[in-house]
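K.L.:
Sending over a structure as structure tokens; questions will come in a sec.
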Amino acid sequence: MEILRSFAPVTAPGSRILILGTMPGAMSLEKQQYYGFPHNAFWRIMASLTGQGTVPERYEERLEMLRRAGIALWDVCHSCRREGSLDSRITDEAPNDIAGLLAAYPSIRAVVFNGGPAHRLFKKHIGLQAIGEGREVLVMPSTSPANASYSYERKLAAWSELKKWL
């Protein structure tokens, strides 16, 4: 099984929220786009929360929507092995330098995990102390379609907690 590598972080000066996933899925890696699987609710939720309404067609416009809203985006894993796209299949993971990113962006007030697996991997490899004082930590329901126990409406309602930093 080959080693998979995550993408560079999406950031902007003054970012207030950092959203952390685990590792891009197979289709996202193929497209070289965060949340590239069309059935993942991430972009729909972000468009709703930022007031954009509809999801921009072009990927660069999607990233710009996040930057304008003060949302940074990255993954806990720098690299790993994984067959398919399920987080439960991640092995041999190595973390990204999230502590370094947080130090470079002191304006980040909330660290948001896109699902429990991202939170667990962060605690295992980095530790919550790396987030620092004065930042809120939130674990949101995964936007993945594999998280079928949550409807889109329930996911959006949970993620709406981010509005206080937007």
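By order in the structure tokens, chains are A, B, ...; within a chain, residues start at 1; ligands start at 1, following the order shown.
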Excluding segment 23-26 of chain A and any residue of its chain fewer than 2 positions from it, enumerate the residues within 9 Å of it, using only C-alpha atoms, and give them as a PyMOL selection string.
P.N.:
chain A and resi 4-7+21+28-37+74-80+83-87+90+118
K.L.:
Would you write out those residues with N, CA and C atoms, as a PDB file, in the first residue's frame?
P.N.:
```pdb
ATOM      1  N   LEU A   4       0.161   7.870   1.372  1.00  0.00           N
ATOM      2  CA  LEU A   4      -0.650   8.997   0.930  1.00  0.00           C
ATOM      3  C   LEU A   4      -0.161  10.253   1.634  1.00  0.00           C
ATOM      4  N   ARG A   5      -0.218  11.387   0.934  1.00  0.00           N
ATOM      5  CA  ARG A   5       0.220  12.656   1.519  1.00  0.00           C
ATOM      6  C   ARG A   5      -0.901  13.683   1.433  1.00  0.00           C
ATOM      7  N   SER A   6      -1.048  14.441   2.506  1.00  0.00           N
ATOM      8  CA  SER A   6      -2.086  15.463   2.547  1.00  0.00           C
ATOM      9  C   SER A   6      -1.666  16.696   1.749  1.00  0.00           C
ATOM     10  N   PHE A   7      -2.555  17.663   1.719  1.00  0.00           N
ATOM     11  CA  PHE A   7      -2.333  18.898   0.970  1.00  0.00           C
ATOM     12  C   PHE A   7      -1.750  19.967   1.891  1.00  0.00           C
ATOM     13  N   GLY A  21      -9.465  17.945   9.204  1.00  0.00           N
ATOM     14  CA  GLY A  21      -9.943  16.624   8.842  1.00  0.00           C
ATOM     15  C   GLY A  21      -8.865  15.609   9.175  1.00  0.00           C
ATOM     16  N   SER A  28     -10.644  12.842  -3.417  1.00  0.00           N
ATOM     17  CA  SER A  28     -10.020  14.144  -3.138  1.00  0.00           C
ATOM     18  C   SER A  28      -8.546  14.123  -3.524  1.00  0.00           C
ATOM     19  N   LEU A  29      -7.851  13.035  -3.202  1.00  0.00           N
ATOM     20  CA  LEU A  29      -6.441  12.912  -3.580  1.00  0.00           C
ATOM     21  C   LEU A  29      -6.288  12.884  -5.098  1.00  0.00           C
ATOM     22  N   GLU A  30      -7.187  12.173  -5.758  1.00  0.00           N
ATOM     23  CA  GLU A  30      -7.144  12.103  -7.219  1.00  0.00           C
ATOM     24  C   GLU A  30      -7.351  13.482  -7.839  1.00  0.00           C
ATOM     25  N   LYS A  31      -8.311  14.235  -7.322  1.00  0.00           N
ATOM     26  CA  LYS A  31      -8.619  15.580  -7.835  1.00  0.00           C
ATOM     27  C   LYS A  31      -7.653  16.641  -7.314  1.00  0.00           C
ATOM     28  N   GLN A  32      -6.896  16.298  -6.244  1.00  0.00           N
ATOM     29  CA  GLN A  32      -6.045  17.259  -5.543  1.00  0.00           C
ATOM     30  C   GLN A  32      -6.876  18.426  -5.018  1.00  0.00           C
ATOM     31  N   GLN A  33      -8.004  18.074  -4.374  1.00  0.00           N
ATOM     32  CA  GLN A  33      -8.928  19.053  -3.812  1.00  0.00           C
ATOM     33  C   GLN A  33      -9.440  18.563  -2.459  1.00  0.00           C
ATOM     34  N   TYR A  34      -9.447  19.471  -1.483  1.00  0.00           N
ATOM     35  CA  TYR A  34     -10.098  19.138  -0.221  1.00  0.00           C
ATOM     36  C   TYR A  34     -11.570  18.845  -0.476  1.00  0.00           C
ATOM     37  N   TYR A  35     -12.074  17.815   0.155  1.00  0.00           N
ATOM     38  CA  TYR A  35     -13.486  17.435   0.088  1.00  0.00           C
ATOM     39  C   TYR A  35     -13.977  17.358  -1.363  1.00  0.00           C
ATOM     40  N   GLY A  36     -13.231  16.598  -2.165  1.00  0.00           N
ATOM     41  CA  GLY A  36     -13.532  16.459  -3.584  1.00  0.00           C
ATOM     42  C   GLY A  36     -14.617  15.453  -3.914  1.00  0.00           C
ATOM     43  N   PHE A  37     -15.041  14.656  -2.940  1.00  0.00           N
ATOM     44  CA  PHE A  37     -16.117  13.691  -3.188  1.00  0.00           C
ATOM     45  C   PHE A  37     -17.430  14.465  -3.199  1.00  0.00           C
ATOM     46  N   TRP A  74      -7.041  22.274   7.096  1.00  0.00           N
ATOM     47  CA  TRP A  74      -5.899  21.374   6.975  1.00  0.00           C
ATOM     48  C   TRP A  74      -6.328  19.996   7.444  1.00  0.00           C
ATOM     49  N   ASP A  75      -5.404  19.063   7.468  1.00  0.00           N
ATOM     50  CA  ASP A  75      -5.659  17.714   7.952  1.00  0.00           C
ATOM     51  C   ASP A  75      -4.690  17.377   9.066  1.00  0.00           C
ATOM     52  N   VAL A  76      -5.119  16.523   9.966  1.00  0.00           N
ATOM     53  CA  VAL A  76      -4.256  16.085  11.064  1.00  0.00           C
ATOM     54  C   VAL A  76      -3.075  15.298  10.507  1.00  0.00           C
ATOM     55  N   CYS A  77      -3.329  14.427   9.538  1.00  0.00           N
ATOM     56  CA  CYS A  77      -2.267  13.564   8.998  1.00  0.00           C
ATOM     57  C   CYS A  77      -1.508  14.242   7.869  1.00  0.00           C
ATOM     58  N   HIS A  78      -0.209  14.234   7.991  1.00  0.00           N
ATOM     59  CA  HIS A  78       0.659  14.644   6.888  1.00  0.00           C
ATOM     60  C   HIS A  78       0.751  13.512   5.873  1.00  0.00           C
ATOM     61  N   SER A  79       0.870  12.291   6.408  1.00  0.00           N
ATOM     62  CA  SER A  79       0.960  11.112   5.549  1.00  0.00           C
ATOM     63  C   SER A  79       0.388   9.912   6.291  1.00  0.00           C
ATOM     64  N   CYS A  80       0.000   8.918   5.516  1.00  0.00           N
ATOM     65  CA  CYS A  80      -0.505   7.678   6.103  1.00  0.00           C
ATOM     66  C   CYS A  80      -0.637   6.642   4.998  1.00  0.00           C
ATOM     67  N   GLU A  83      -6.328   1.987   2.699  1.00  0.00           N
ATOM     68  CA  GLU A  83      -7.017   1.377   1.571  1.00  0.00           C
ATOM     69  C   GLU A  83      -8.413   1.995   1.528  1.00  0.00           C
ATOM     70  N   GLY A  84      -8.778   2.583   0.403  1.00  0.00           N
ATOM     71  CA  GLY A  84     -10.075   3.244   0.284  1.00  0.00           C
ATOM     72  C   GLY A  84     -10.059   4.613   0.931  1.00  0.00           C
ATOM     73  N   SER A  85     -11.214   5.041   1.420  1.00  0.00           N
ATOM     74  CA  SER A  85     -11.336   6.392   1.974  1.00  0.00           C
ATOM     75  C   SER A  85     -11.767   6.448   3.431  1.00  0.00           C
ATOM     76  N   LEU A  86     -12.046   5.308   4.040  1.00  0.00           N
ATOM     77  CA  LEU A  86     -12.546   5.324   5.414  1.00  0.00           C
ATOM     78  C   LEU A  86     -11.442   5.665   6.410  1.00  0.00           C
ATOM     79  N   ASP A  87     -11.762   6.570   7.342  1.00  0.00           N
ATOM     80  CA  ASP A  87     -10.803   6.949   8.381  1.00  0.00           C
ATOM     81  C   ASP A  87     -10.374   5.762   9.225  1.00  0.00           C
ATOM     82  N   ILE A  90      -7.022   4.083   8.305  1.00  0.00           N
ATOM     83  CA  ILE A  90      -5.759   4.822   8.343  1.00  0.00           C
ATOM     84  C   ILE A  90      -4.763   4.082   9.231  1.00  0.00           C
ATOM     85  N   ALA A 118     -10.678  12.544  13.390  1.00  0.00           N
ATOM     86  CA  ALA A 118      -9.678  13.620  13.315  1.00  0.00           C
ATOM     87  C   ALA A 118      -9.268  14.034  14.729  1.00  0.00           C
TER      88      ALA A 118
END
```
K.L.:
Please provide as a list in words all residues within 9 Å of Leu162 of chain A, with the sequence filter that same-chain residues fewer than 3 positions apart are discarded (counting only C-alpha atoms).
P.N.:
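Near Leu162 of chain A, the qualifying residues are Ile17, Leu49, Ala110, Val112, Ala158, Trp159, Trp165 and Leu166 of chain A.
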K.L.:
Can you write just those residues out, all heavy atoms, as a PDB file, in the first residue's frame?
P.N.:
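result.pdb written:
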```
ATOM      1  N   ILE A  17     -10.783  30.516  12.434  1.00  0.00           N
ATOM      2  CA  ILE A  17     -11.213  29.134  12.637  1.00  0.00           C
ATOM      3  C   ILE A  17     -10.258  28.232  11.875  1.00  0.00           C
ATOM      4  O   ILE A  17      -9.916  28.512  10.727  1.00  0.00           O
ATOM      5  CB  ILE A  17     -12.645  28.913  12.097  1.00  0.00           C
ATOM      6  CG1 ILE A  17     -13.647  29.806  12.827  1.00  0.00           C
ATOM      7  CG2 ILE A  17     -13.047  27.446  12.188  1.00  0.00           C
ATOM      8  CD1 ILE A  17     -15.033  29.823  12.181  1.00  0.00           C
ATOM      9  N   LEU A  49     -22.907  28.472   5.897  1.00  0.00           N
ATOM     10  CA  LEU A  49     -22.412  29.209   7.059  1.00  0.00           C
ATOM     11  C   LEU A  49     -21.813  30.557   6.692  1.00  0.00           C
ATOM     12  O   LEU A  49     -21.920  31.517   7.456  1.00  0.00           O
ATOM     13  CB  LEU A  49     -21.371  28.388   7.821  1.00  0.00           C
ATOM     14  CG  LEU A  49     -21.843  27.103   8.483  1.00  0.00           C
ATOM     15  CD1 LEU A  49     -20.695  26.436   9.215  1.00  0.00           C
ATOM     16  CD2 LEU A  49     -23.008  27.359   9.421  1.00  0.00           C
ATOM     17  N   ALA A 110     -10.722  29.187  17.254  1.00  0.00           N
ATOM     18  CA  ALA A 110     -11.411  27.901  17.398  1.00  0.00           C
ATOM     19  C   ALA A 110     -10.729  26.868  16.513  1.00  0.00           C
ATOM     20  O   ALA A 110     -10.412  27.136  15.363  1.00  0.00           O
ATOM     21  CB  ALA A 110     -12.879  28.037  17.009  1.00  0.00           C
ATOM     22  N   VAL A 112     -11.540  23.224  15.036  1.00  0.00           N
ATOM     23  CA  VAL A 112     -12.732  22.423  14.791  1.00  0.00           C
ATOM     24  C   VAL A 112     -12.327  21.124  14.100  1.00  0.00           C
ATOM     25  O   VAL A 112     -11.676  21.158  13.049  1.00  0.00           O
ATOM     26  CB  VAL A 112     -13.728  23.202  13.900  1.00  0.00           C
ATOM     27  CG1 VAL A 112     -14.976  22.391  13.649  1.00  0.00           C
ATOM     28  CG2 VAL A 112     -14.062  24.547  14.529  1.00  0.00           C
ATOM     29  N   ALA A 158     -25.399  21.416  13.700  1.00  0.00           N
ATOM     30  CA  ALA A 158     -24.236  21.294  14.585  1.00  0.00           C
ATOM     31  C   ALA A 158     -23.127  22.255  14.163  1.00  0.00           C
ATOM     32  O   ALA A 158     -22.560  22.981  14.993  1.00  0.00           O
ATOM     33  CB  ALA A 158     -23.723  19.855  14.597  1.00  0.00           C
ATOM     34  N   TRP A 159     -22.823  22.278  12.877  1.00  0.00           N
ATOM     35  CA  TRP A 159     -21.749  23.124  12.360  1.00  0.00           C
ATOM     36  C   TRP A 159     -22.080  24.610  12.491  1.00  0.00           C
ATOM     37  O   TRP A 159     -21.179  25.457  12.453  1.00  0.00           O
ATOM     38  CB  TRP A 159     -21.437  22.759  10.913  1.00  0.00           C
ATOM     39  CG  TRP A 159     -20.564  21.549  10.774  1.00  0.00           C
ATOM     40  CD1 TRP A 159     -20.949  20.241  10.803  1.00  0.00           C
ATOM     41  CD2 TRP A 159     -19.152  21.542  10.582  1.00  0.00           C
ATOM     42  NE1 TRP A 159     -19.857  19.420  10.643  1.00  0.00           N
ATOM     43  CE2 TRP A 159     -18.743  20.191  10.498  1.00  0.00           C
ATOM     44  CE3 TRP A 159     -18.194  22.540  10.463  1.00  0.00           C
ATOM     45  CZ2 TRP A 159     -17.418  19.809  10.307  1.00  0.00           C
ATOM     46  CZ3 TRP A 159     -16.860  22.169  10.271  1.00  0.00           C
ATOM     47  CH2 TRP A 159     -16.492  20.818  10.203  1.00  0.00           C
ATOM     48  N   TRP A 165     -17.736  32.846  15.162  1.00  0.00           N
ATOM     49  CA  TRP A 165     -16.398  33.304  14.784  1.00  0.00           C
ATOM     50  C   TRP A 165     -16.344  33.842  13.349  1.00  0.00           C
ATOM     51  O   TRP A 165     -15.301  34.259  12.899  1.00  0.00           O
ATOM     52  CB  TRP A 165     -15.373  32.171  14.927  1.00  0.00           C
ATOM     53  CG  TRP A 165     -15.187  31.776  16.352  1.00  0.00           C
ATOM     54  CD1 TRP A 165     -14.509  32.473  17.310  1.00  0.00           C
ATOM     55  CD2 TRP A 165     -15.692  30.610  16.977  1.00  0.00           C
ATOM     56  NE1 TRP A 165     -14.566  31.802  18.506  1.00  0.00           N
ATOM     57  CE2 TRP A 165     -15.297  30.644  18.327  1.00  0.00           C
ATOM     58  CE3 TRP A 165     -16.451  29.533  16.546  1.00  0.00           C
ATOM     59  CZ2 TRP A 165     -15.610  29.656  19.238  1.00  0.00           C
ATOM     60  CZ3 TRP A 165     -16.777  28.547  17.455  1.00  0.00           C
ATOM     61  CH2 TRP A 165     -16.349  28.612  18.780  1.00  0.00           C
ATOM     62  N   LEU A 166     -17.446  33.771  12.652  1.00  0.00           N
ATOM     63  CA  LEU A 166     -17.461  34.216  11.249  1.00  0.00           C
ATOM     64  C   LEU A 166     -17.760  35.708  11.152  1.00  0.00           C
ATOM     65  O   LEU A 166     -18.326  36.301  12.008  1.00  0.00           O
ATOM     66  CB  LEU A 166     -18.467  33.406  10.434  1.00  0.00           C
ATOM     67  CG  LEU A 166     -18.153  31.925  10.330  1.00  0.00           C
ATOM     68  CD1 LEU A 166     -19.289  31.197   9.595  1.00  0.00           C
ATOM     69  CD2 LEU A 166     -16.842  31.701   9.600  1.00  0.00           C
TER      70      LEU A 166
END
```
K.L.:
Can you tell me, as a ChimeraX atom specification, which residues in chain A count as strand (DSSP E or B) by DSSP?
P.N.:
/A:4-5,10,17-21,71-75,77-81,91-95,110-114,136-140
K.L.:
Name the closest residue to Glu57 of chain A among the candidates A:Trp43, A:Ser88, A:Lys164, A:Ala148; distances are taken between atoms, counting only C-alpha atoms.
P.N.:
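Ranked by minimum distance to Glu57 of chain A, first place goes to A:Trp43.
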K.L.:
I'd like to know which residues of segment 26-101 of chain A are helix (DSSP H, G or I) (by DSSP, run on the backbone); could you write them as a VMD selection string?
P.N.:
chain A and resid 26 to 31 42 to 49 59 to 69 87 to 89 98 to 101
K.L.:
Mind dumping a table of every segment 79-113 of chain A residue within 8 Å of segment 131-135 of chain A, with the nearest atom pair and its distance in Å to one decimal, using only C-alpha atoms, sorted by chain and rising number, as a Markdown table?
P.N.:
```
| residue | atom | partner | partner_atom | distance |
| --- | --- | --- | --- | --- |
| A:Ala99 | CA | A:Ile131 | CA | 6.7 |
| A:Leu102 | CA | A:Ile131 | CA | 7.1 |
| A:Ile108 | CA | A:Arg135 | CA | 7.4 |
| A:Arg109 | CA | A:Arg135 | CA | 4.7 |
| A:Ala110 | CA | A:Arg135 | CA | 5.2 |
| A:Val111 | CA | A:Arg135 | CA | 7.0 |
```
K.L.:
Given the choices A:Gly14, A:Leu66, A:Ile98, A:Ala41, which gets closest to Thr143 of chain A if the distance is worked out from only C-alpha atoms?
P.N.:
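The closest residue to Thr143 of chain A is A:Ala41.
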K.L.:
May I have the residues within 8 Å of Ile71 of chain A as a ChimeraX atom specification, using only C-alpha atoms and disregarding those fewer than 4 positions away in the same chain?
P.N.:
/A:11-12,15-19,66-67
K.L.:
Go through A:Leu63, A:Leu20, A:Met27, A:Ala8 and flag the residue nearest Gly116 of chain A, using only C-alpha atoms for the distances.
P.N.:
A:Leu20
K.L.:
What is the distance, in Å and to one decimal place, between atom CA of Phe42 of chain A and atom CA of Glu161 of chain A?
P.N.:
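Rounded to one decimal, the two atoms are 14.6 Å apart.
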K.L.:
Between A:Leu128, A:Ala146, A:Leu73, A:Leu121, single out the one closest to Asn40 of chain A, counting only C-alpha atoms.
P.N.:
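Closest to Asn40 of chain A of all the choices is A:Ala146.
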K.L.:
Between A:Ser48, A:Thr22, A:Ser149, A:Thr91, which has the minimum distance to Lys163 of chain A (counting only C-alpha atoms)?
P.N.:
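That would be A:Ser48, the residue with the smallest distance to Lys163 of chain A.
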K.L.:
Go through A:Met1, A:Ala103, A:Val10, A:Ala47 one by one, measure the shortest atom-to-atom distance of each to Ser160 of chain A using only C-alpha atoms, and give the residue with the smallest value.
P.N.:
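Smallest separation from Ser160 of chain A among the options: A:Ala47.
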K.L.:
Might you pull out every residue within 9 Å of Pro13 of chain A, with only C-alpha atoms counted and same-chain residues fewer than 6 positions away left off, and present them as a PyMOL selection string?
P.N.:
chain A and resi 67+70+105+107
K.L.:
Output N, CA and C atoms for every residue in that selection, as an mmCIF file, in the first residue's frame.
P.N.:
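Listed below is the output, result38.cif:
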```
data_model
loop_
_atom_site.group_PDB
_atom_site.id
_atom_site.type_symbol
_atom_site.label_atom_id
_atom_site.label_comp_id
_atom_site.auth_asym_id
_atom_site.auth_seq_id
_atom_site.Cartn_x
_atom_site.Cartn_y
_atom_site.Cartn_z
ATOM 1 N N ARG A 67 -11.298 31.560 2.809
ATOM 2 C CA ARG A 67 -10.345 32.599 3.216
ATOM 3 C C ARG A 67 -11.065 33.897 3.587
ATOM 4 N N GLY A 70 -12.483 33.800 7.000
ATOM 5 C CA GLY A 70 -11.551 33.591 8.108
ATOM 6 C C GLY A 70 -11.413 32.144 8.527
ATOM 7 N N TYR A 105 -0.510 31.627 13.232
ATOM 8 C CA TYR A 105 -1.814 32.280 13.096
ATOM 9 C C TYR A 105 -2.460 32.446 14.473
ATOM 10 N N SER A 107 -4.419 34.518 15.464
ATOM 11 C CA SER A 107 -5.804 34.992 15.344
ATOM 12 C C SER A 107 -6.815 33.844 15.384
#
```
K.L.:
Excluding Gly115 of chain A and any residue of its chain fewer than 5 positions from it, enumerate the residues within 6 Å of it, using only C-alpha atoms, and give them as JSON, numbers by chain.
P.N.:
{"A": [140, 141, 142]}
K.L.:
Just write the chosen residues, C-alpha atoms, as a compact mmCIF listing (two decimals), in the first residue's frame.
P.N.:
```txt
# COMPACT_ATOMS: atom_id res chain seq x y z
CA MET A 140 -18.29 18.34 14.80
CA PRO A 141 -20.15 15.47 13.15
CA SER A 142 -18.21 14.33 10.11
```
